[in-house]
$ cat query21.cif   # mmCIF, C-alpha atoms
data_model
#
loop_
_atom_site.group_PDB
_atom_site.id
_atom_site.type_symbol
_atom_site.label_atom_id
_atom_site.label_comp_id
_atom_site.auth_asym_id
_atom_site.auth_seq_id
_atom_site.Cartn_x
_atom_site.Cartn_y
_atom_site.Cartn_z
ATOM 1 C CA MET A 29 -48.614 -47.435 -38.631
ATOM 2 C CA LYS A 30 -51.089 -44.594 -38.154
ATOM 3 C CA ILE A 31 -50.033 -41.304 -39.739
ATOM 4 C CA VAL A 32 -51.366 -38.016 -38.365
ATOM 5 C CA ILE A 33 -50.816 -34.968 -40.580
ATOM 6 C CA GLY A 34 -51.405 -31.507 -39.121
ATOM 7 C CA LEU A 35 -51.707 -28.825 -41.785
ATOM 8 C CA GLY A 36 -50.226 -25.354 -41.431
ATOM 9 C CA ASN A 37 -47.543 -22.980 -42.618
ATOM 10 C CA PRO A 38 -43.957 -23.056 -41.277
ATOM 11 C CA GLY A 39 -42.326 -20.057 -39.650
ATOM 12 C CA ALA A 40 -42.838 -17.964 -36.539
ATOM 13 C CA GLU A 41 -44.940 -15.411 -38.415
ATOM 14 C CA TYR A 42 -47.676 -18.026 -38.918
ATOM 15 C CA ALA A 43 -47.642 -19.508 -35.411
ATOM 16 C CA GLY A 44 -50.959 -19.103 -33.639
ATOM 17 C CA THR A 45 -52.902 -18.212 -36.777
ATOM 18 C CA ARG A 46 -56.237 -19.790 -37.665
ATOM 19 C CA HIS A 47 -54.676 -21.604 -40.617
ATOM 20 C CA ASN A 48 -52.184 -23.346 -38.295
ATOM 21 C CA VAL A 49 -54.513 -25.139 -35.903
ATOM 22 C CA GLY A 50 -53.576 -28.447 -37.557
ATOM 23 C CA PHE A 51 -50.029 -27.887 -36.312
ATOM 24 C CA ASP A 52 -51.388 -26.961 -32.875
ATOM 25 C CA VAL A 53 -53.337 -30.219 -32.570
ATOM 26 C CA VAL A 54 -50.282 -32.294 -33.507
ATOM 27 C CA ASP A 55 -48.246 -30.399 -30.888
ATOM 28 C CA GLU A 56 -50.931 -31.090 -28.271
ATOM 29 C CA PHE A 57 -51.165 -34.756 -29.218
ATOM 30 C CA ALA A 58 -47.382 -35.190 -28.877
ATOM 31 C CA VAL A 59 -47.676 -33.859 -25.312
ATOM 32 C CA ARG A 60 -50.563 -36.231 -24.637
ATOM 33 C CA LEU A 61 -48.440 -39.169 -25.776
ATOM 34 C CA GLY A 62 -45.612 -38.073 -23.503
ATOM 35 C CA TRP A 63 -43.222 -37.642 -26.415
ATOM 36 C CA VAL A 64 -42.547 -33.997 -25.509
ATOM 37 C CA ALA A 65 -42.970 -32.090 -22.251
ATOM 38 C CA LYS A 66 -44.830 -29.152 -23.788
ATOM 39 C CA SER A 67 -46.180 -28.251 -27.204
ATOM 40 C CA ASP A 68 -43.336 -25.835 -27.977
ATOM 41 C CA ASP A 69 -40.903 -28.773 -27.816
ATOM 42 C CA PHE A 70 -42.212 -30.509 -30.956
ATOM 43 C CA ASN A 71 -40.210 -28.489 -33.470
ATOM 44 C CA ARG A 72 -37.003 -28.711 -31.422
ATOM 45 C CA THR A 73 -37.323 -32.480 -31.012
ATOM 46 C CA ALA A 74 -38.636 -33.439 -34.452
ATOM 47 C CA LYS A 75 -36.776 -35.149 -37.260
ATOM 48 C CA HIS A 76 -36.644 -33.514 -40.689
ATOM 49 C CA ARG A 77 -38.149 -36.092 -43.070
ATOM 50 C CA PHE A 78 -40.674 -36.125 -45.903
ATOM 51 C CA ASP A 79 -40.370 -32.324 -46.284
ATOM 52 C CA ALA A 80 -41.809 -32.139 -42.793
ATOM 53 C CA LEU A 81 -41.089 -32.149 -39.085
ATOM 54 C CA THR A 82 -41.931 -35.586 -37.700
ATOM 55 C CA LEU A 83 -42.052 -37.551 -34.466
ATOM 56 C CA ASP A 84 -42.797 -41.254 -34.209
ATOM 57 C CA GLY A 85 -43.243 -43.816 -31.481
ATOM 58 C CA GLN A 86 -45.776 -46.038 -29.756
ATOM 59 C CA MET A 87 -49.182 -45.081 -28.382
ATOM 60 C CA GLN A 88 -50.553 -47.248 -25.604
ATOM 61 C CA LYS A 89 -54.052 -48.505 -26.349
ATOM 62 C CA ALA A 90 -56.905 -49.090 -23.912
ATOM 63 C CA ASP A 91 -56.691 -52.877 -24.354
ATOM 64 C CA GLY A 92 -53.061 -52.933 -23.238
ATOM 65 C CA GLY A 93 -51.622 -53.131 -26.739
ATOM 66 C CA SER A 94 -49.883 -50.386 -28.647
ATOM 67 C CA GLU A 95 -50.153 -48.567 -31.968
ATOM 68 C CA ARG A 96 -47.199 -47.193 -33.878
ATOM 69 C CA MET A 97 -47.770 -43.520 -34.696
ATOM 70 C CA LEU A 98 -46.119 -40.979 -36.986
ATOM 71 C CA LEU A 99 -46.898 -37.298 -36.388
ATOM 72 C CA VAL A 100 -46.193 -34.995 -39.322
ATOM 73 C CA LYS A 101 -46.107 -31.205 -39.749
ATOM 74 C CA PRO A 102 -45.341 -30.388 -43.416
ATOM 75 C CA ILE A 103 -42.906 -27.510 -43.950
ATOM 76 C CA THR A 104 -43.762 -27.039 -47.630
ATOM 77 C CA PHE A 105 -46.407 -24.369 -46.944
ATOM 78 C CA MET A 106 -50.093 -25.173 -47.094
ATOM 79 C CA ASN A 107 -50.531 -25.256 -50.874
ATOM 80 C CA LEU A 108 -47.990 -28.090 -51.211
ATOM 81 C CA SER A 109 -49.046 -30.197 -48.223
ATOM 82 C CA GLY A 110 -49.590 -33.242 -50.418
ATOM 83 C CA LYS A 111 -45.853 -33.683 -50.957
ATOM 84 C CA SER A 112 -45.275 -34.670 -47.321
ATOM 85 C CA VAL A 113 -48.386 -36.844 -47.195
ATOM 86 C CA GLN A 114 -47.400 -38.771 -50.291
ATOM 87 C CA ALA A 115 -43.803 -39.256 -49.141
ATOM 88 C CA ALA A 116 -44.717 -40.465 -45.650
ATOM 89 C CA MET A 117 -47.384 -42.873 -46.918
ATOM 90 C CA ALA A 118 -45.108 -44.286 -49.621
ATOM 91 C CA PHE A 119 -42.187 -44.805 -47.232
ATOM 92 C CA HIS A 120 -44.296 -46.593 -44.610
ATOM 93 C CA LYS A 121 -46.577 -48.317 -47.161
ATOM 94 C CA THR A 122 -49.588 -46.901 -45.347
ATOM 95 C CA GLU A 123 -53.161 -47.201 -46.603
ATOM 96 C CA SER A 124 -55.373 -44.124 -46.700
ATOM 97 C CA ALA A 125 -57.579 -45.511 -43.901
ATOM 98 C CA ASP A 126 -54.567 -45.203 -41.565
ATOM 99 C CA LEU A 127 -54.070 -41.530 -42.418
ATOM 100 C CA LEU A 128 -55.726 -38.667 -40.537
ATOM 101 C CA VAL A 129 -55.390 -35.092 -41.824
ATOM 102 C CA ILE A 130 -56.113 -32.267 -39.371
ATOM 103 C CA LEU A 131 -57.033 -28.839 -40.712
ATOM 104 C CA ASP A 132 -58.803 -25.558 -40.035
ATOM 105 C CA ASP A 133 -62.334 -24.892 -41.266
ATOM 106 C CA VAL A 134 -63.767 -21.375 -41.506
ATOM 107 C CA TYR A 135 -67.264 -22.777 -42.041
ATOM 108 C CA LEU A 136 -67.375 -24.336 -38.567
ATOM 109 C CA PRO A 137 -67.778 -22.329 -35.345
ATOM 110 C CA CYS A 138 -64.573 -21.737 -33.429
ATOM 111 C CA GLY A 139 -63.589 -24.913 -31.554
ATOM 112 C CA LYS A 140 -66.140 -27.260 -33.146
ATOM 113 C CA LEU A 141 -64.940 -30.586 -34.597
ATOM 114 C CA ARG A 142 -66.018 -32.552 -37.635
ATOM 115 C CA LEU A 143 -64.584 -35.959 -38.571
ATOM 116 C CA ARG A 144 -65.190 -37.511 -41.968
ATOM 117 C CA ALA A 145 -63.946 -40.623 -43.756
ATOM 118 C CA GLU A 146 -63.786 -38.752 -47.064
ATOM 119 C CA GLY A 147 -65.177 -35.677 -48.782
ATOM 120 C CA SER A 148 -64.460 -32.616 -50.855
ATOM 121 C CA SER A 149 -61.718 -30.106 -50.131
ATOM 122 C CA GLY A 150 -64.299 -27.422 -49.394
ATOM 123 C CA GLY A 151 -61.915 -24.954 -51.009
ATOM 124 C CA HIS A 152 -59.094 -25.693 -48.545
ATOM 125 C CA ASN A 153 -55.791 -25.482 -50.417
ATOM 126 C CA GLY A 154 -54.070 -28.078 -48.236
ATOM 127 C CA LEU A 155 -56.746 -30.670 -48.951
ATOM 128 C CA LYS A 156 -56.748 -29.761 -52.631
ATOM 129 C CA ASP A 157 -53.068 -30.639 -52.899
ATOM 130 C CA ILE A 158 -53.474 -33.858 -50.924
ATOM 131 C CA GLU A 159 -56.303 -34.911 -53.232
ATOM 132 C CA ARG A 160 -54.095 -34.120 -56.207
ATOM 133 C CA VAL A 161 -51.193 -36.328 -55.109
ATOM 134 C CA LEU A 162 -53.357 -39.172 -53.778
ATOM 135 C CA GLY A 163 -55.657 -39.140 -56.788
ATOM 136 C CA GLY A 164 -58.850 -38.857 -54.765
ATOM 137 C CA ASN A 165 -60.522 -37.711 -51.568
ATOM 138 C CA LYS A 166 -61.069 -41.018 -49.768
ATOM 139 C CA TYR A 167 -58.983 -40.417 -46.659
ATOM 140 C CA PRO A 168 -60.044 -39.441 -43.118
ATOM 141 C CA ARG A 169 -59.880 -35.800 -42.085
ATOM 142 C CA LEU A 170 -60.540 -33.905 -38.858
ATOM 143 C CA ARG A 171 -61.719 -30.327 -39.274
ATOM 144 C CA LEU A 172 -61.381 -27.855 -36.416
ATOM 145 C CA GLY A 173 -63.599 -24.795 -36.663
ATOM 146 C CA VAL A 174 -61.979 -21.364 -36.766
ATOM 147 C CA GLY A 175 -64.975 -19.390 -38.050
ATOM 148 C CA ILE A 176 -66.985 -16.741 -36.240
ATOM 149 C CA GLY A 177 -70.578 -17.097 -35.122
ATOM 150 C CA ASN A 178 -72.102 -20.225 -36.619
ATOM 151 C CA GLY A 179 -69.126 -20.588 -38.937
ATOM 152 C CA THR A 180 -68.247 -17.821 -41.363
ATOM 153 C CA VAL A 181 -65.645 -15.217 -42.327
ATOM 154 C CA PRO A 182 -66.219 -11.544 -41.442
ATOM 155 C CA ALA A 183 -67.772 -9.774 -44.412
ATOM 156 C CA ASN A 184 -65.149 -7.019 -44.417
ATOM 157 C CA ILE A 185 -62.085 -9.324 -44.388
ATOM 158 C CA PRO A 186 -60.888 -11.453 -47.349
ATOM 159 C CA GLN A 187 -60.795 -15.138 -46.397
ATOM 160 C CA LYS A 188 -57.043 -15.368 -47.063
ATOM 161 C CA ASP A 189 -56.367 -12.570 -44.598
ATOM 162 C CA PHE A 190 -58.805 -13.993 -42.060
ATOM 163 C CA VAL A 191 -57.193 -17.452 -41.895
ATOM 164 C CA LEU A 192 -53.735 -15.911 -41.616
ATOM 165 C CA GLY A 193 -54.932 -13.808 -38.688
ATOM 166 C CA ARG A 194 -54.917 -14.730 -35.016
ATOM 167 C CA PHE A 195 -57.742 -15.483 -32.615
ATOM 168 C CA GLY A 196 -59.329 -12.691 -30.629
ATOM 169 C CA LYS A 197 -59.408 -12.678 -26.839
ATOM 170 C CA ASP A 198 -63.017 -13.830 -26.820
ATOM 171 C CA GLU A 199 -62.057 -16.888 -28.923
ATOM 172 C CA GLN A 200 -59.079 -18.099 -26.909
ATOM 173 C CA THR A 201 -61.069 -20.361 -24.583
ATOM 174 C CA GLN A 202 -63.009 -21.860 -27.477
ATOM 175 C CA ILE A 203 -59.993 -22.671 -29.633
ATOM 176 C CA ARG A 204 -57.877 -24.028 -26.764
ATOM 177 C CA LEU A 205 -60.703 -26.353 -25.782
ATOM 178 C CA GLY A 206 -61.150 -27.295 -29.446
ATOM 179 C CA ILE A 207 -57.462 -28.190 -29.759
ATOM 180 C CA THR A 208 -57.657 -30.344 -26.626
ATOM 181 C CA ARG A 209 -60.793 -32.108 -27.859
ATOM 182 C CA ALA A 210 -59.218 -32.612 -31.281
ATOM 183 C CA SER A 211 -56.268 -34.314 -29.580
ATOM 184 C CA ASP A 212 -58.754 -36.546 -27.738
ATOM 185 C CA ALA A 213 -60.394 -37.363 -31.082
ATOM 186 C CA VAL A 214 -57.047 -38.331 -32.638
ATOM 187 C CA ALA A 215 -56.356 -40.648 -29.700
ATOM 188 C CA LEU A 216 -59.740 -42.336 -30.009
ATOM 189 C CA TRP A 217 -59.330 -42.703 -33.794
ATOM 190 C CA ALA A 218 -55.950 -44.398 -33.308
ATOM 191 C CA ASP A 219 -57.288 -46.635 -30.538
ATOM 192 C CA LYS A 220 -60.843 -47.538 -31.551
ATOM 193 C CA GLY A 221 -61.174 -46.415 -35.168
ATOM 194 C CA LEU A 222 -62.833 -43.629 -37.122
ATOM 195 C CA THR A 223 -66.437 -44.657 -36.470
ATOM 196 C CA ALA A 224 -65.961 -44.511 -32.697
ATOM 197 C CA ALA A 225 -64.303 -41.101 -32.957
ATOM 198 C CA MET A 226 -67.054 -39.757 -35.235
ATOM 199 C CA GLN A 227 -69.783 -40.972 -32.904
ATOM 200 C CA LYS A 228 -68.202 -39.296 -29.899
ATOM 201 C CA PHE A 229 -66.995 -36.000 -31.331
ATOM 202 C CA ASN A 230 -69.178 -35.080 -34.309
ATOM 203 C CA GLY A 231 -71.935 -32.790 -33.157
ATOM 204 C CA GLU A 232 -70.403 -32.071 -29.761
ATOM 205 C CA GLU A 233 -70.033 -28.408 -28.890
ATOM 206 C CA SER A 234 -67.068 -27.062 -26.960
ATOM 207 C CA VAL A 235 -67.862 -25.442 -23.623
ATOM 208 C CA GLY A 236 -66.901 -22.043 -25.020
ATOM 209 C CA ASN A 237 -69.667 -22.311 -27.621
ATOM 210 C CA ASN A 238 -72.446 -23.284 -25.217
#
$ encode --input "query21.cif" --output "structure tokens"
Amino acid sequence: MKIVIGLGNPGAEYAGTRHNVGFDVVDEFAVRLGWVAKSDDFNRTAKHRFDALTLDGQMQKADGGSERMLLVKPITFMNLSGKSVQAAMAFHKTESADLLVILDDVYLPCGKLRLRAEGSSGGHNGLKDIERVLGGNKYPRLRLGVGIGNGTVPANIPQKDFVLGRFGKDEQTQIRLGITRASDAVALWADKGLTAAMQKFNGEESVGNN
């Protein structure tokens, strides 16, 4: 089983914020798989397991086979994201190579993707907690840029406030395209593996950034 974890904070007050793009990608991917009709349906359809909202089923692969998938949106709040990751992996006896964590990154331009097989938390509290419970950082992650310009936080806004804020009108096209491309990257990772997904999506710029 492949496990896809989208990081974010639960509750309507956090919906649409920069910190919740991991949730947004999982919603989009569920639509892509045909498991829900639209992204808003995920939370209404999901099961409550592993301190998270989850959907599971089969993804059809390009070679005609299928891959069992579990989509997870932790409801523990960002700082305790590791609890859901640990529980889901333990229940399904999943190796870290079959886990993909999706998160926001203020140091990437809005809509830009970066896939890695492992790496530091970069100060992201969700990744910090996942590293804590897994005892290391050797698990795949997909970062979706939410920064301004070439990837930064406005000088006059604390980072905590910035990531809990929403996208401006001029960023809407960029982030929507980034979410769609991130969903494409998840599909390719599940079908062809991390290397194929990294080769295709790392370094690509979204149309809104060109």
$ closest_residue --input "query21.cif" --among "A:Leu170, A:Val161, A:Leu131, A:Leu83" --to "Gly50 in chain A" --atoms "all atoms listed in the file"
A:Leu131
$ residues_around --input "query21.cif" --residues "range 88-99 of chain A" --least-positions-apart "5" --cutoff "6 Å" --atoms "all atoms listed in the file" --output "list in words"
Met29, Lys30, Ile31, Val32, Thr82, Leu83 and Asp219 of chain A
$ resolve_selection --input "query21.cif" --expression "the PyMOL selection byres ((chain A and resi 112) around 6)" --output "NGL selection string"
:A and (78-79 or 102 or 109-111 or 113-115)
$ residues_near_point --input "query21.cif" --point "(-72.8, -21.1, -38.5)" --cutoff "10 Å" --atoms "all atoms listed in the file" --output "compact mmCIF listing (two decimals) with C-alpha atoms, in the frame of the given file"
# COMPACT_ATOMS: atom_id res chain seq x y z
CA VAL A 134 -63.77 -21.38 -41.51
CA TYR A 135 -67.26 -22.78 -42.04
CA LEU A 136 -67.38 -24.34 -38.57
CA PRO A 137 -67.78 -22.33 -35.34
CA CYS A 138 -64.57 -21.74 -33.43
CA GLY A 175 -64.97 -19.39 -38.05
CA ILE A 176 -66.98 -16.74 -36.24
CA GLY A 177 -70.58 -17.10 -35.12
CA ASN A 178 -72.10 -20.23 -36.62
CA GLY A 179 -69.13 -20.59 -38.94
CA THR A 180 -68.25 -17.82 -41.36
$ resolve_selection --input "query21.cif" --expression "the PyMOL selection byres ((chain A and resi 59-67) around 10)" --output "PyMOL selection string"
chain A and resi 51-58+68-74+83-88+97+208+211-212+215
$ resolve_selection --input "query21.cif" --expression "the PyMOL selection byres ((chain A and resi 125) around 9)" --output "NGL selection string"
:A and (30 or 122-124 or 126-128 or 145 or 166-168 or 222)
$ write_last_selection --input "query21.cif" --atoms "C-alpha atoms" --output "mmCIF file, in the coordinates of the input"
data_model
loop_
_atom_site.group_PDB
_atom_site.id
_atom_site.type_symbol
_atom_site.label_atom_id
_atom_site.label_comp_id
_atom_site.auth_asym_id
_atom_site.auth_seq_id
_atom_site.Cartn_x
_atom_site.Cartn_y
_atom_site.Cartn_z
ATOM 1 C CA LYS A 30 -51.089 -44.594 -38.154
ATOM 2 C CA THR A 122 -49.588 -46.901 -45.347
ATOM 3 C CA GLU A 123 -53.161 -47.201 -46.603
ATOM 4 C CA SER A 124 -55.373 -44.124 -46.700
ATOM 5 C CA ASP A 126 -54.567 -45.203 -41.565
ATOM 6 C CA LEU A 127 -54.070 -41.530 -42.418
ATOM 7 C CA LEU A 128 -55.726 -38.667 -40.537
ATOM 8 C CA ALA A 145 -63.946 -40.623 -43.756
ATOM 9 C CA LYS A 166 -61.069 -41.018 -49.768
ATOM 10 C CA TYR A 167 -58.983 -40.417 -46.659
ATOM 11 C CA PRO A 168 -60.044 -39.441 -43.118
ATOM 12 C CA LEU A 222 -62.833 -43.629 -37.122
#
$ atom_distance --input "query21.cif" --atom1 "CA of Phe105 in chain A" --atom2 "CA of Pro38 in chain A"
6.3 Å
$ atom_distance --input "query21.cif" --atom1 "CA of Gly139 in chain A" --atom2 "CA of Glu159 in chain A"
25.0 Å
$ atom_distance --input "query21.cif" --atom1 "CA of Leu108 in chain A" --atom2 "CA of Gly154 in chain A"
6.8 Å
$ residues_near_point --input "query21.cif" --point "(-59.8, -19.1, -31.1)" --cutoff "12 Å" --atoms "all atoms listed in the file" --output "PyMOL selection string"
chain A and resi 44-49+52+132-134+136-140+172-177+191+193-207+234+236-237
$ closest_residue --input "query21.cif" --among "A:Arg142, A:His152, A:Arg160, A:His76" --to "Gly36 in chain A" --atoms "only C-alpha atoms"
A:His152
$ closest_residue --input "query21.cif" --among "A:Ala116, A:Leu192, A:Ala225, A:Leu216" --to "Arg144 in chain A" --atoms "all atoms listed in the file"
A:Ala225
$ axis_aligned_box --input "query21.cif" --around "range 60-69 of chain A" --padding-each-side "5 Å" --output "AutoDock Vina command-line options"
--center_x -45.7 --center_y -32.5 --center_z -25.1 --size_x 19.7 --size_y 23.3 --size_z 15.7
$ closest_residue --input "query21.cif" --among "A:Leu81, A:Ala118, A:Leu143, A:Val181" --to "Ala213 in chain A" --atoms "all atoms listed in the file"
A:Leu143
